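**Student:** Dumping the structure here so I can ask a few things about it.
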Amino acid sequence: MAIAVAKPRNVWPSNPLAALWGTMVGKKVVMAVTGIVLVGFVIAHMLGNLKIFLGAQAIDTYAAFLRTMGEPLFPYSVLLWVVRIVLLTCVALHITAAVQLTRMSRAARPHGYDTKESIATTYAARTMRWSAVIVVLFIVYHLLHLTGGVVGWEPGQFRDLSVYHNVVAGFSVWYVSLFYIVAMVSLCLHLDHGVWSLLQTLGWNNARTTSTFRTLSRGVALAVFVGFISVPVAVLAGWVR
Ligand code: HEM
């Protein structure tokens with residue numbers, strides 16, 4: 001009688017990072033770590049934008065610094081490109097992990113979420129996917145608008161490295177400003193739940209810290225929202241012109 005021998009399954013691939021990536025916990029850790037990098041960028045970018053309130057020279061000098069940082073060790077713009085590549089990699093990993101986690105949890109729970117549980121979650125948590133889609137579409141538009149200067153401009157209106165001029169001219173168009181403000185609402189909702197989730201994933205959350213971390217994530221989301229929208233609002237109000 002032939003006995004069927006089960007082939008040993010390669011449960012732990014030789015690369016421990018690949019093994020971690022194959023698990024739900026691993027994907028959550030990837031989301032948390034890339035989330036920290038992206039939140040760090042968002043806060044730094046928001047603070048950099050506030051230089052507009054110090055005048056044209058302050059923000060234009062800052063834009064020039066972003067390109068010359070690292071010189072003479074790194075040639076012009078090279079360090080900026082390193083940062084761009086790191087950010088793009090984080091965005092790609094963050095989205096891939098999110099999509100795969102959704103698939104894995106759907107497969108584990110084919111009947112979908114319990115209705116009572118969804119009522120108990122916050123609005124920000126329930127709209128994570130929508131806010132993510134809006135933020136990604138916003139970033140694509142934003143790069144074509146204020147970095148590439150290829151969308152939303154009359155011929156010759158966008159000036160390379162003249163950030164103050166570009167911001168004032170760009171946000172003087174009310175519907176462009178409105179689009180930015182709506183996108184910042186989505187970013188705020190995404191950060192509100194995202195920062196909270198990453199603190200949980202990293203295991204820093206417990207019964208004692210729950211309310212502090214709720215306040216922290218809401219505080220970060222609101223500070224980022226107010227900091228970002230202050231620029232289009234100031235241009236529309238004529239405070240920055
Ligand atoms: C009202 C809100 C915002 C304003 C006024 C703003 C302004 C700007 C400006 C002026 C630049 C060009 C800087 C330069 O050429 O040196 C820029 C670049 C950029 N912004 Fe924003 N930004 C806003 C929101 C955001 C948000 C929410 C994100 C991401 C979530 C973002 C991501 C980027 C990226 C990735 C770049 C390209 C940086 C580079 O590679 O040179 N921005 N932004």
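Every chain in the structure tokens takes a letter, A first, then B, and so on in the order presented; its residues are numbered from 1, and the ligands are numbered from 1 following the presented order.
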Env of stretch 78-88 of chain A: 10 Å cut, atoms = only C-alpha atoms, seq-sep filter 3 positions within chain, self excluded. Answer as a PDB file with all heavy atoms, in the first residue's frame.
**Tutor:**
ATOM      1  N   THR A  34       6.557  52.634   7.250  1.00  0.00           N
ATOM      2  CA  THR A  34       6.473  53.568   6.111  1.00  0.00           C
ATOM      3  C   THR A  34       5.577  54.750   6.483  1.00  0.00           C
ATOM      4  O   THR A  34       5.819  55.882   6.071  1.00  0.00           O
ATOM      5  CB  THR A  34       5.941  52.870   4.839  1.00  0.00           C
ATOM      6  OG1 THR A  34       4.705  52.207   5.155  1.00  0.00           O
ATOM      7  CG2 THR A  34       6.920  51.871   4.295  1.00  0.00           C
ATOM      8  N   VAL A  37       7.635  57.340   8.287  1.00  0.00           N
ATOM      9  CA  VAL A  37       8.461  58.121   7.351  1.00  0.00           C
ATOM     10  C   VAL A  37       7.582  59.158   6.634  1.00  0.00           C
ATOM     11  O   VAL A  37       7.937  60.339   6.520  1.00  0.00           O
ATOM     12  CB  VAL A  37       9.136  57.184   6.309  1.00  0.00           C
ATOM     13  CG1 VAL A  37       9.891  57.990   5.261  1.00  0.00           C
ATOM     14  CG2 VAL A  37      10.063  56.208   7.002  1.00  0.00           C
ATOM     15  N   LEU A  38       6.390  58.724   6.175  1.00  0.00           N
ATOM     16  CA  LEU A  38       5.528  59.631   5.407  1.00  0.00           C
ATOM     17  C   LEU A  38       4.959  60.746   6.284  1.00  0.00           C
ATOM     18  O   LEU A  38       4.892  61.899   5.855  1.00  0.00           O
ATOM     19  CB  LEU A  38       4.405  58.833   4.711  1.00  0.00           C
ATOM     20  CG  LEU A  38       4.919  57.843   3.644  1.00  0.00           C
ATOM     21  CD1 LEU A  38       3.818  56.921   3.156  1.00  0.00           C
ATOM     22  CD2 LEU A  38       5.536  58.595   2.461  1.00  0.00           C
ATOM     23  N   PHE A  41       7.656  63.247   6.702  1.00  0.00           N
ATOM     24  CA  PHE A  41       7.774  64.112   5.529  1.00  0.00           C
ATOM     25  C   PHE A  41       6.668  65.168   5.517  1.00  0.00           C
ATOM     26  O   PHE A  41       6.915  66.350   5.268  1.00  0.00           O
ATOM     27  CB  PHE A  41       7.723  63.286   4.227  1.00  0.00           C
ATOM     28  CG  PHE A  41       7.454  64.157   3.022  1.00  0.00           C
ATOM     29  CD1 PHE A  41       8.466  64.950   2.499  1.00  0.00           C
ATOM     30  CD2 PHE A  41       6.182  64.227   2.459  1.00  0.00           C
ATOM     31  CE1 PHE A  41       8.205  65.799   1.414  1.00  0.00           C
ATOM     32  CE2 PHE A  41       5.920  65.066   1.387  1.00  0.00           C
ATOM     33  CZ  PHE A  41       6.942  65.847   0.857  1.00  0.00           C
ATOM     34  N   PHE A  65      17.884  75.579  -1.068  1.00  0.00           N
ATOM     35  CA  PHE A  65      18.600  74.718  -0.111  1.00  0.00           C
ATOM     36  C   PHE A  65      18.258  73.239  -0.342  1.00  0.00           C
ATOM     37  O   PHE A  65      19.146  72.368  -0.286  1.00  0.00           O
ATOM     38  CB  PHE A  65      18.252  75.130   1.326  1.00  0.00           C
ATOM     39  CG  PHE A  65      18.491  74.036   2.328  1.00  0.00           C
ATOM     40  CD1 PHE A  65      19.785  73.726   2.747  1.00  0.00           C
ATOM     41  CD2 PHE A  65      17.433  73.277   2.836  1.00  0.00           C
ATOM     42  CE1 PHE A  65      20.007  72.690   3.648  1.00  0.00           C
ATOM     43  CE2 PHE A  65      17.645  72.242   3.724  1.00  0.00           C
ATOM     44  CZ  PHE A  65      18.948  71.943   4.135  1.00  0.00           C
ATOM     45  N   LEU A  66      16.977  72.950  -0.616  1.00  0.00           N
ATOM     46  CA  LEU A  66      16.576  71.547  -0.826  1.00  0.00           C
ATOM     47  C   LEU A  66      17.378  70.909  -1.964  1.00  0.00           C
ATOM     48  O   LEU A  66      17.619  69.708  -1.966  1.00  0.00           O
ATOM     49  CB  LEU A  66      15.075  71.456  -1.136  1.00  0.00           C
ATOM     50  CG  LEU A  66      14.123  71.817   0.005  1.00  0.00           C
ATOM     51  CD1 LEU A  66      12.669  71.736  -0.459  1.00  0.00           C
ATOM     52  CD2 LEU A  66      14.334  70.891   1.203  1.00  0.00           C
ATOM     53  N   ARG A  67      17.769  71.752  -2.934  1.00  0.00           N
ATOM     54  CA  ARG A  67      18.530  71.213  -4.078  1.00  0.00           C
ATOM     55  C   ARG A  67      20.040  71.179  -3.818  1.00  0.00           C
ATOM     56  O   ARG A  67      20.744  70.336  -4.369  1.00  0.00           O
ATOM     57  CB  ARG A  67      18.251  72.052  -5.334  1.00  0.00           C
ATOM     58  CG  ARG A  67      16.964  71.631  -6.029  1.00  0.00           C
ATOM     59  CD  ARG A  67      15.987  72.766  -6.152  1.00  0.00           C
ATOM     60  NE  ARG A  67      14.732  72.321  -6.760  1.00  0.00           N
ATOM     61  CZ  ARG A  67      13.553  72.484  -6.168  1.00  0.00           C
ATOM     62  NH1 ARG A  67      13.456  73.047  -4.982  1.00  0.00           N
ATOM     63  NH2 ARG A  67      12.462  72.073  -6.768  1.00  0.00           N
ATOM     64  N   THR A  68      20.515  72.105  -2.979  1.00  0.00           N
ATOM     65  CA  THR A  68      21.975  72.165  -2.763  1.00  0.00           C
ATOM     66  C   THR A  68      22.406  71.383  -1.517  1.00  0.00           C
ATOM     67  O   THR A  68      23.603  71.248  -1.268  1.00  0.00           O
ATOM     68  CB  THR A  68      22.452  73.625  -2.612  1.00  0.00           C
ATOM     69  OG1 THR A  68      21.675  74.237  -1.588  1.00  0.00           O
ATOM     70  CG2 THR A  68      22.315  74.409  -3.910  1.00  0.00           C
ATOM     71  N   MET A  69      21.422  70.887  -0.713  1.00  0.00           N
ATOM     72  CA  MET A  69      21.805  70.189   0.528  1.00  0.00           C
ATOM     73  C   MET A  69      22.697  68.986   0.195  1.00  0.00           C
ATOM     74  O   MET A  69      22.506  68.330  -0.825  1.00  0.00           O
ATOM     75  CB  MET A  69      20.574  69.774   1.355  1.00  0.00           C
ATOM     76  CG  MET A  69      19.687  68.753   0.722  1.00  0.00           C
ATOM     77  SD  MET A  69      18.261  68.420   1.773  1.00  0.00           S
ATOM     78  CE  MET A  69      17.275  67.421   0.660  1.00  0.00           C
ATOM     79  N   GLY A  70      23.682  68.782   1.068  1.00  0.00           N
ATOM     80  CA  GLY A  70      24.613  67.678   0.857  1.00  0.00           C
ATOM     81  C   GLY A  70      25.832  68.066   0.056  1.00  0.00           C
ATOM     82  O   GLY A  70      26.801  67.304  -0.003  1.00  0.00           O
ATOM     83  N   GLU A  71      25.807  69.259  -0.588  1.00  0.00           N
ATOM     84  CA  GLU A  71      26.978  69.697  -1.367  1.00  0.00           C
ATOM     85  C   GLU A  71      28.127  70.053  -0.417  1.00  0.00           C
ATOM     86  O   GLU A  71      27.849  70.552   0.684  1.00  0.00           O
ATOM     87  CB  GLU A  71      26.609  70.940  -2.207  1.00  0.00           C
ATOM     88  CG  GLU A  71      25.884  70.589  -3.487  1.00  0.00           C
ATOM     89  CD  GLU A  71      25.610  71.825  -4.368  1.00  0.00           C
ATOM     90  OE1 GLU A  71      25.926  72.956  -3.950  1.00  0.00           O
ATOM     91  OE2 GLU A  71      25.055  71.640  -5.448  1.00  0.00           O
ATOM     92  N   LEU A  73      29.601  67.119  -0.924  1.00  0.00           N
ATOM     93  CA  LEU A  73      29.685  65.653  -0.939  1.00  0.00           C
ATOM     94  C   LEU A  73      28.787  65.079  -2.036  1.00  0.00           C
ATOM     95  O   LEU A  73      29.178  64.207  -2.807  1.00  0.00           O
ATOM     96  CB  LEU A  73      29.279  65.108   0.440  1.00  0.00           C
ATOM     97  CG  LEU A  73      29.446  63.621   0.659  1.00  0.00           C
ATOM     98  CD1 LEU A  73      30.904  63.214   0.505  1.00  0.00           C
ATOM     99  CD2 LEU A  73      28.960  63.232   2.059  1.00  0.00           C
ATOM    100  N   PHE A  74      27.547  65.607  -2.104  1.00  0.00           N
ATOM    101  CA  PHE A  74      26.617  65.156  -3.139  1.00  0.00           C
ATOM    102  C   PHE A  74      26.456  66.273  -4.165  1.00  0.00           C
ATOM    103  O   PHE A  74      26.276  67.430  -3.776  1.00  0.00           O
ATOM    104  CB  PHE A  74      25.242  64.853  -2.533  1.00  0.00           C
ATOM    105  CG  PHE A  74      25.254  63.691  -1.583  1.00  0.00           C
ATOM    106  CD1 PHE A  74      25.386  63.902  -0.219  1.00  0.00           C
ATOM    107  CD2 PHE A  74      25.137  62.399  -2.053  1.00  0.00           C
ATOM    108  CE1 PHE A  74      25.390  62.842   0.660  1.00  0.00           C
ATOM    109  CE2 PHE A  74      25.144  61.325  -1.170  1.00  0.00           C
ATOM    110  CZ  PHE A  74      25.272  61.540   0.178  1.00  0.00           C
ATOM    111  N   PRO A  75      26.472  65.958  -5.465  1.00  0.00           N
ATOM    112  CA  PRO A  75      26.248  66.998  -6.467  1.00  0.00           C
ATOM    113  C   PRO A  75      24.831  67.571  -6.352  1.00  0.00           C
ATOM    114  O   PRO A  75      23.961  66.985  -5.699  1.00  0.00           O
ATOM    115  CB  PRO A  75      26.426  66.262  -7.796  1.00  0.00           C
ATOM    116  CG  PRO A  75      27.135  65.006  -7.472  1.00  0.00           C
ATOM    117  CD  PRO A  75      26.782  64.656  -6.058  1.00  0.00           C
ATOM    118  N   VAL A  91       5.711  55.062  -0.222  1.00  0.00           N
ATOM    119  CA  VAL A  91       4.322  55.139  -0.704  1.00  0.00           C
ATOM    120  C   VAL A  91       3.934  53.809  -1.343  1.00  0.00           C
ATOM    121  O   VAL A  91       2.861  53.248  -1.058  1.00  0.00           O
ATOM    122  CB  VAL A  91       4.151  56.309  -1.720  1.00  0.00           C
ATOM    123  CG1 VAL A  91       2.799  56.241  -2.411  1.00  0.00           C
ATOM    124  CG2 VAL A  91       4.319  57.653  -1.012  1.00  0.00           C
ATOM    125  N   ALA A  92       4.831  53.256  -2.199  1.00  0.00           N
ATOM    126  CA  ALA A  92       4.523  51.996  -2.892  1.00  0.00           C
ATOM    127  C   ALA A  92       4.333  50.854  -1.887  1.00  0.00           C
ATOM    128  O   ALA A  92       3.366  50.080  -1.982  1.00  0.00           O
ATOM    129  CB  ALA A  92       5.641  51.665  -3.880  1.00  0.00           C
ATOM    130  N   LEU A  93       5.228  50.763  -0.891  1.00  0.00           N
ATOM    131  CA  LEU A  93       5.118  49.687   0.110  1.00  0.00           C
ATOM    132  C   LEU A  93       3.853  49.854   0.954  1.00  0.00           C
ATOM    133  O   LEU A  93       3.155  48.888   1.267  1.00  0.00           O
ATOM    134  CB  LEU A  93       6.349  49.691   1.025  1.00  0.00           C
ATOM    135  CG  LEU A  93       7.644  49.136   0.433  1.00  0.00           C
ATOM    136  CD1 LEU A  93       8.812  49.398   1.376  1.00  0.00           C
ATOM    137  CD2 LEU A  93       7.507  47.629   0.186  1.00  0.00           C
ATOM    138  N   HIS A  94       3.568  51.119   1.322  1.00  0.00           N
ATOM    139  CA  HIS A  94       2.405  51.418   2.168  1.00  0.00           C
ATOM    140  C   HIS A  94       1.111  50.978   1.456  1.00  0.00           C
ATOM    141  O   HIS A  94       0.276  50.291   2.041  1.00  0.00           O
ATOM    142  CB  HIS A  94       2.386  52.930   2.435  1.00  0.00           C
ATOM    143  CG  HIS A  94       1.553  53.358   3.586  1.00  0.00           C
ATOM    144  ND1 HIS A  94       1.957  53.213   4.893  1.00  0.00           N
ATOM    145  CD2 HIS A  94       0.331  53.958   3.647  1.00  0.00           C
ATOM    146  CE1 HIS A  94       1.035  53.696   5.699  1.00  0.00           C
ATOM    147  NE2 HIS A  94       0.021  54.149   4.968  1.00  0.00           N
TER     148      HIS A  94
END
**Student:** Hey, which residues sit close to ligand 1? Say within 7 Å, counting only C-alpha atoms and all ligand atoms, and write them as an mmCIF file with all heavy atoms, in the first residue's frame.
**Tutor:**
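Generated file (out-v4.cif):
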data_model
loop_
_atom_site.group_PDB
_atom_site.id
_atom_site.type_symbol
_atom_site.label_atom_id
_atom_site.label_comp_id
_atom_site.auth_asym_id
_atom_site.auth_seq_id
_atom_site.Cartn_x
_atom_site.Cartn_y
_atom_site.Cartn_z
ATOM 1 N N VAL A 42 5.431 64.718 5.785
ATOM 2 C CA VAL A 42 4.276 65.632 5.729
ATOM 3 C C VAL A 42 4.471 66.784 6.725
ATOM 4 O O VAL A 42 4.257 67.960 6.388
ATOM 5 C CB VAL A 42 2.966 64.844 5.996
ATOM 6 C CG1 VAL A 42 1.833 65.760 6.394
ATOM 7 C CG2 VAL A 42 2.577 64.051 4.747
ATOM 8 N N HIS A 45 7.290 69.047 5.464
ATOM 9 C CA HIS A 45 6.847 69.817 4.290
ATOM 10 C C HIS A 45 5.906 70.945 4.713
ATOM 11 O O HIS A 45 6.016 72.074 4.233
ATOM 12 C CB HIS A 45 6.156 68.862 3.317
ATOM 13 C CG HIS A 45 5.726 69.496 2.026
ATOM 14 N ND1 HIS A 45 6.428 70.500 1.407
ATOM 15 C CD2 HIS A 45 4.649 69.267 1.234
ATOM 16 C CE1 HIS A 45 5.815 70.848 0.287
ATOM 17 N NE2 HIS A 45 4.716 70.120 0.172
ATOM 18 N N MET A 46 5.010 70.636 5.654
ATOM 19 C CA MET A 46 4.070 71.652 6.142
ATOM 20 C C MET A 46 4.842 72.795 6.816
ATOM 21 O O MET A 46 4.577 73.972 6.560
ATOM 22 C CB MET A 46 3.086 70.978 7.103
ATOM 23 C CG MET A 46 2.002 71.855 7.647
ATOM 24 S SD MET A 46 2.511 72.660 9.159
ATOM 25 C CE MET A 46 2.470 71.330 10.329
ATOM 26 N N ASN A 49 6.531 74.884 4.211
ATOM 27 C CA ASN A 49 5.577 75.762 3.513
ATOM 28 C C ASN A 49 5.298 77.037 4.297
ATOM 29 O O ASN A 49 5.035 78.083 3.719
ATOM 30 C CB ASN A 49 4.237 75.039 3.302
ATOM 31 C CG ASN A 49 4.304 74.034 2.176
ATOM 32 O OD1 ASN A 49 5.296 73.973 1.462
ATOM 33 N ND2 ASN A 49 3.263 73.247 2.022
ATOM 34 N N ALA A 63 13.811 76.591 -0.962
ATOM 35 C CA ALA A 63 13.694 75.708 -2.139
ATOM 36 C C ALA A 63 15.068 75.456 -2.747
ATOM 37 O O ALA A 63 15.388 74.326 -3.143
ATOM 38 C CB ALA A 63 12.762 76.329 -3.172
ATOM 39 N N LEU A 66 16.977 72.950 -0.616
ATOM 40 C CA LEU A 66 16.576 71.547 -0.826
ATOM 41 C C LEU A 66 17.378 70.909 -1.964
ATOM 42 O O LEU A 66 17.619 69.708 -1.966
ATOM 43 C CB LEU A 66 15.075 71.456 -1.136
ATOM 44 C CG LEU A 66 14.123 71.817 0.005
ATOM 45 C CD1 LEU A 66 12.669 71.736 -0.459
ATOM 46 C CD2 LEU A 66 14.334 70.891 1.203
ATOM 47 N N LEU A 80 18.330 65.352 -2.772
ATOM 48 C CA LEU A 80 16.876 65.528 -2.930
ATOM 49 C C LEU A 80 16.276 64.324 -3.658
ATOM 50 O O LEU A 80 15.225 63.817 -3.282
ATOM 51 C CB LEU A 80 16.590 66.827 -3.706
ATOM 52 C CG LEU A 80 15.117 67.152 -3.961
ATOM 53 C CD1 LEU A 80 14.356 67.338 -2.645
ATOM 54 C CD2 LEU A 80 14.973 68.412 -4.808
ATOM 55 N N ARG A 84 13.478 61.706 -2.522
ATOM 56 C CA ARG A 84 12.311 61.408 -3.382
ATOM 57 C C ARG A 84 12.147 59.905 -3.569
ATOM 58 O O ARG A 84 11.034 59.373 -3.498
ATOM 59 C CB ARG A 84 12.491 62.070 -4.754
ATOM 60 C CG ARG A 84 12.246 63.558 -4.737
ATOM 61 C CD ARG A 84 12.670 64.189 -6.057
ATOM 62 N NE ARG A 84 12.322 65.597 -6.094
ATOM 63 C CZ ARG A 84 12.838 66.463 -6.958
ATOM 64 N NH1 ARG A 84 13.722 66.061 -7.847
ATOM 65 N NH2 ARG A 84 12.464 67.718 -6.941
ATOM 66 N N VAL A 135 -5.960 61.308 -1.440
ATOM 67 C CA VAL A 135 -4.610 61.838 -1.175
ATOM 68 C C VAL A 135 -3.662 61.458 -2.325
ATOM 69 O O VAL A 135 -2.873 62.285 -2.791
ATOM 70 C CB VAL A 135 -4.071 61.348 0.195
ATOM 71 C CG1 VAL A 135 -2.593 61.673 0.353
ATOM 72 C CG2 VAL A 135 -4.859 61.986 1.340
ATOM 73 N N ILE A 139 -1.697 64.011 -4.721
ATOM 74 C CA ILE A 139 -0.229 64.092 -4.856
ATOM 75 C C ILE A 139 0.166 64.125 -6.343
ATOM 76 O O ILE A 139 1.035 64.906 -6.745
ATOM 77 C CB ILE A 139 0.471 62.926 -4.112
ATOM 78 C CG1 ILE A 139 0.252 63.076 -2.605
ATOM 79 C CG2 ILE A 139 1.972 62.908 -4.398
ATOM 80 C CD1 ILE A 139 0.726 61.905 -1.770
ATOM 81 N N HIS A 142 -0.676 67.558 -7.540
ATOM 82 C CA HIS A 142 0.201 68.517 -6.860
ATOM 83 C C HIS A 142 1.609 68.532 -7.473
ATOM 84 O O HIS A 142 2.204 69.592 -7.685
ATOM 85 C CB HIS A 142 0.255 68.127 -5.382
ATOM 86 C CG HIS A 142 1.132 68.979 -4.540
ATOM 87 N ND1 HIS A 142 1.072 70.352 -4.548
ATOM 88 C CD2 HIS A 142 2.103 68.661 -3.638
ATOM 89 C CE1 HIS A 142 1.968 70.832 -3.687
ATOM 90 N NE2 HIS A 142 2.609 69.830 -3.138
ATOM 91 N N LEU A 143 2.145 67.344 -7.794
ATOM 92 C CA LEU A 143 3.488 67.278 -8.379
ATOM 93 C C LEU A 143 3.491 67.885 -9.784
ATOM 94 O O LEU A 143 4.416 68.608 -10.158
ATOM 95 C CB LEU A 143 3.997 65.827 -8.422
ATOM 96 C CG LEU A 143 4.298 65.203 -7.054
ATOM 97 C CD1 LEU A 143 4.780 63.771 -7.210
ATOM 98 C CD2 LEU A 143 5.352 66.013 -6.301
ATOM 99 N N LEU A 146 2.745 72.092 -8.790
ATOM 100 C CA LEU A 146 3.742 72.969 -8.142
ATOM 101 C C LEU A 146 5.196 72.513 -8.272
ATOM 102 O O LEU A 146 6.105 73.301 -8.024
ATOM 103 C CB LEU A 146 3.387 73.159 -6.659
ATOM 104 C CG LEU A 146 2.307 74.219 -6.395
ATOM 105 C CD1 LEU A 146 1.943 74.263 -4.923
ATOM 106 C CD2 LEU A 146 2.730 75.607 -6.866
ATOM 107 N N THR A 147 5.423 71.244 -8.662
ATOM 108 C CA THR A 147 6.822 70.822 -8.863
ATOM 109 C C THR A 147 7.151 70.820 -10.361
ATOM 110 O O THR A 147 8.150 71.406 -10.776
ATOM 111 C CB THR A 147 7.091 69.430 -8.261
ATOM 112 O OG1 THR A 147 6.754 69.467 -6.875
ATOM 113 C CG2 THR A 147 8.548 69.024 -8.370
ATOM 114 N N LEU A 161 11.957 77.339 -9.486
ATOM 115 C CA LEU A 161 12.629 77.797 -8.260
ATOM 116 C C LEU A 161 12.048 79.083 -7.662
ATOM 117 O O LEU A 161 12.524 79.525 -6.622
ATOM 118 C CB LEU A 161 14.140 77.956 -8.474
ATOM 119 C CG LEU A 161 14.936 76.658 -8.476
ATOM 120 C CD1 LEU A 161 16.412 76.934 -8.731
ATOM 121 C CD2 LEU A 161 14.772 75.905 -7.158
ATOM 122 N N VAL A 163 9.333 79.706 -5.865
ATOM 123 C CA VAL A 163 8.217 79.057 -5.170
ATOM 124 C C VAL A 163 7.168 80.083 -4.726
ATOM 125 O O VAL A 163 5.961 79.867 -4.890
ATOM 126 C CB VAL A 163 8.758 78.241 -3.963
ATOM 127 C CG1 VAL A 163 7.629 77.721 -3.107
ATOM 128 C CG2 VAL A 163 9.593 77.079 -4.475
ATOM 129 N N VAL A 167 3.355 79.818 -5.848
ATOM 130 C CA VAL A 167 2.293 79.550 -4.868
ATOM 131 C C VAL A 167 1.221 80.641 -4.954
ATOM 132 O O VAL A 167 0.020 80.347 -5.003
ATOM 133 C CB VAL A 167 2.895 79.446 -3.437
ATOM 134 C CG1 VAL A 167 1.814 79.499 -2.378
ATOM 135 C CG2 VAL A 167 3.695 78.150 -3.303
ATOM 136 N N TYR A 180 -7.249 71.910 -3.147
ATOM 137 C CA TYR A 180 -6.203 71.644 -2.154
ATOM 138 C C TYR A 180 -6.830 71.500 -0.755
ATOM 139 O O TYR A 180 -6.461 70.611 0.014
ATOM 140 C CB TYR A 180 -5.161 72.788 -2.135
ATOM 141 C CG TYR A 180 -3.994 72.556 -3.072
ATOM 142 C CD1 TYR A 180 -4.136 72.730 -4.453
ATOM 143 C CD2 TYR A 180 -2.744 72.188 -2.592
ATOM 144 C CE1 TYR A 180 -3.064 72.535 -5.319
ATOM 145 C CE2 TYR A 180 -1.665 71.992 -3.450
ATOM 146 C CZ TYR A 180 -1.825 72.164 -4.810
ATOM 147 O OH TYR A 180 -0.764 71.965 -5.659
ATOM 148 N N ILE A 181 -7.785 72.394 -0.438
ATOM 149 C CA ILE A 181 -8.375 72.365 0.914
ATOM 150 C C ILE A 181 -9.170 71.061 1.114
ATOM 151 O O ILE A 181 -9.052 70.402 2.156
ATOM 152 C CB ILE A 181 -9.238 73.624 1.157
ATOM 153 C CG1 ILE A 181 -8.312 74.858 1.204
ATOM 154 C CG2 ILE A 181 -10.042 73.511 2.455
ATOM 155 C CD1 ILE A 181 -9.014 76.196 1.150
ATOM 156 N N MET A 184 -6.864 68.325 1.719
ATOM 157 C CA MET A 184 -6.276 68.371 3.067
ATOM 158 C C MET A 184 -7.252 67.819 4.116
ATOM 159 O O MET A 184 -6.825 67.302 5.144
ATOM 160 C CB MET A 184 -5.848 69.802 3.435
ATOM 161 C CG MET A 184 -4.675 70.339 2.629
ATOM 162 S SD MET A 184 -3.257 69.215 2.556
ATOM 163 C CE MET A 184 -3.399 68.614 0.899
ATOM 164 N N LEU A 187 -6.563 64.210 3.877
ATOM 165 C CA LEU A 187 -5.275 63.897 4.517
ATOM 166 C C LEU A 187 -5.437 63.900 6.036
ATOM 167 O O LEU A 187 -4.914 63.028 6.739
ATOM 168 C CB LEU A 187 -4.215 64.927 4.092
ATOM 169 C CG LEU A 187 -2.837 64.750 4.729
ATOM 170 C CD1 LEU A 187 -2.163 63.453 4.265
ATOM 171 C CD2 LEU A 187 -1.920 65.931 4.421
ATOM 172 N N PHE A 228 -1.237 73.277 6.512
ATOM 173 C CA PHE A 228 -1.292 73.221 5.045
ATOM 174 C C PHE A 228 -2.311 74.209 4.479
ATOM 175 O O PHE A 228 -1.996 74.950 3.556
ATOM 176 C CB PHE A 228 -1.619 71.804 4.562
ATOM 177 C CG PHE A 228 -0.411 70.924 4.373
ATOM 178 C CD1 PHE A 228 -0.365 69.634 4.880
ATOM 179 C CD2 PHE A 228 0.703 71.367 3.663
ATOM 180 C CE1 PHE A 228 0.741 68.820 4.699
ATOM 181 C CE2 PHE A 228 1.826 70.562 3.480
ATOM 182 C CZ PHE A 228 1.839 69.288 4.002
ATOM 183 N N ILE A 229 -3.544 74.212 5.045
ATOM 184 C CA ILE A 229 -4.556 75.073 4.397
ATOM 185 C C ILE A 229 -4.283 76.560 4.641
ATOM 186 O O ILE A 229 -4.818 77.404 3.940
ATOM 187 C CB ILE A 229 -6.015 74.732 4.798
ATOM 188 C CG1 ILE A 229 -6.285 75.062 6.266
ATOM 189 C CG2 ILE A 229 -6.410 73.315 4.430
ATOM 190 C CD1 ILE A 229 -7.769 75.350 6.492
ATOM 191 N N VAL A 231 -1.867 78.180 3.779
ATOM 192 C CA VAL A 231 -1.230 78.788 2.599
ATOM 193 C C VAL A 231 -2.286 79.192 1.550
ATOM 194 O O VAL A 231 -2.384 80.386 1.225
ATOM 195 C CB VAL A 231 -0.127 77.870 2.027
ATOM 196 C CG1 VAL A 231 0.477 78.479 0.772
ATOM 197 C CG2 VAL A 231 0.947 77.621 3.076
ATOM 198 N N PRO A 232 -3.115 78.253 1.038
ATOM 199 C CA PRO A 232 -4.140 78.709 0.087
ATOM 200 C C PRO A 232 -5.100 79.733 0.696
ATOM 201 O O PRO A 232 -5.498 80.683 0.004
ATOM 202 C CB PRO A 232 -4.879 77.420 -0.319
ATOM 203 C CG PRO A 232 -4.426 76.356 0.606
ATOM 204 C CD PRO A 232 -3.112 76.776 1.165
#
**Student:** Provide the atom CA of A:Ala132 to atom CA of A:Gly26 distance in Å, to one decimal place.
**Tutor:**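 Between atom CA of A:Ala132 and atom CA of A:Gly26 the gap is 20.5 Å.
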**Student:** Between A:Thr210, A:Lys51, A:Met128, A:Gly22, single out the one closest to A:Ile95, counting only C-alpha atoms.
**Tutor:**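 So, comparing all the options, the nearest one is A:Met128.
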**Student:** Counting only C-alpha atoms, which residue out of A:Ile59, A:Val150, A:Ala207, A:Arg159 sits closest to A:Leu47?
**Tutor:**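 Between A:Ile59, A:Val150, A:Ala207, A:Arg159, the residue approaching A:Leu47 most closely is A:Ile59.
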**Student:** For a test of reading the model, state the distance in Å between atom CA of A:Tyr76 and atom CA of A:Ala64, rounded to one decimal.
**Tutor:**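 Going from atom CA of A:Tyr76 over to atom CA of A:Ala64 covers 9.9 Å.
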**Student:** Taking only C-alpha atoms into account, which of A:Ala18, A:Val136, A:Ala237, A:Met31 comes nearest A:Trp174?
**Tutor:**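 For A:Trp174, the nearest of the candidates is A:Ala237.
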**Student:** Within 8 Å of A:Leu198, counting only C-alpha atoms, which residues qualify if same-chain residues fewer than 5 places away don't, as a ChimeraX atom specification?
**Tutor:** /A:31-33,35-36
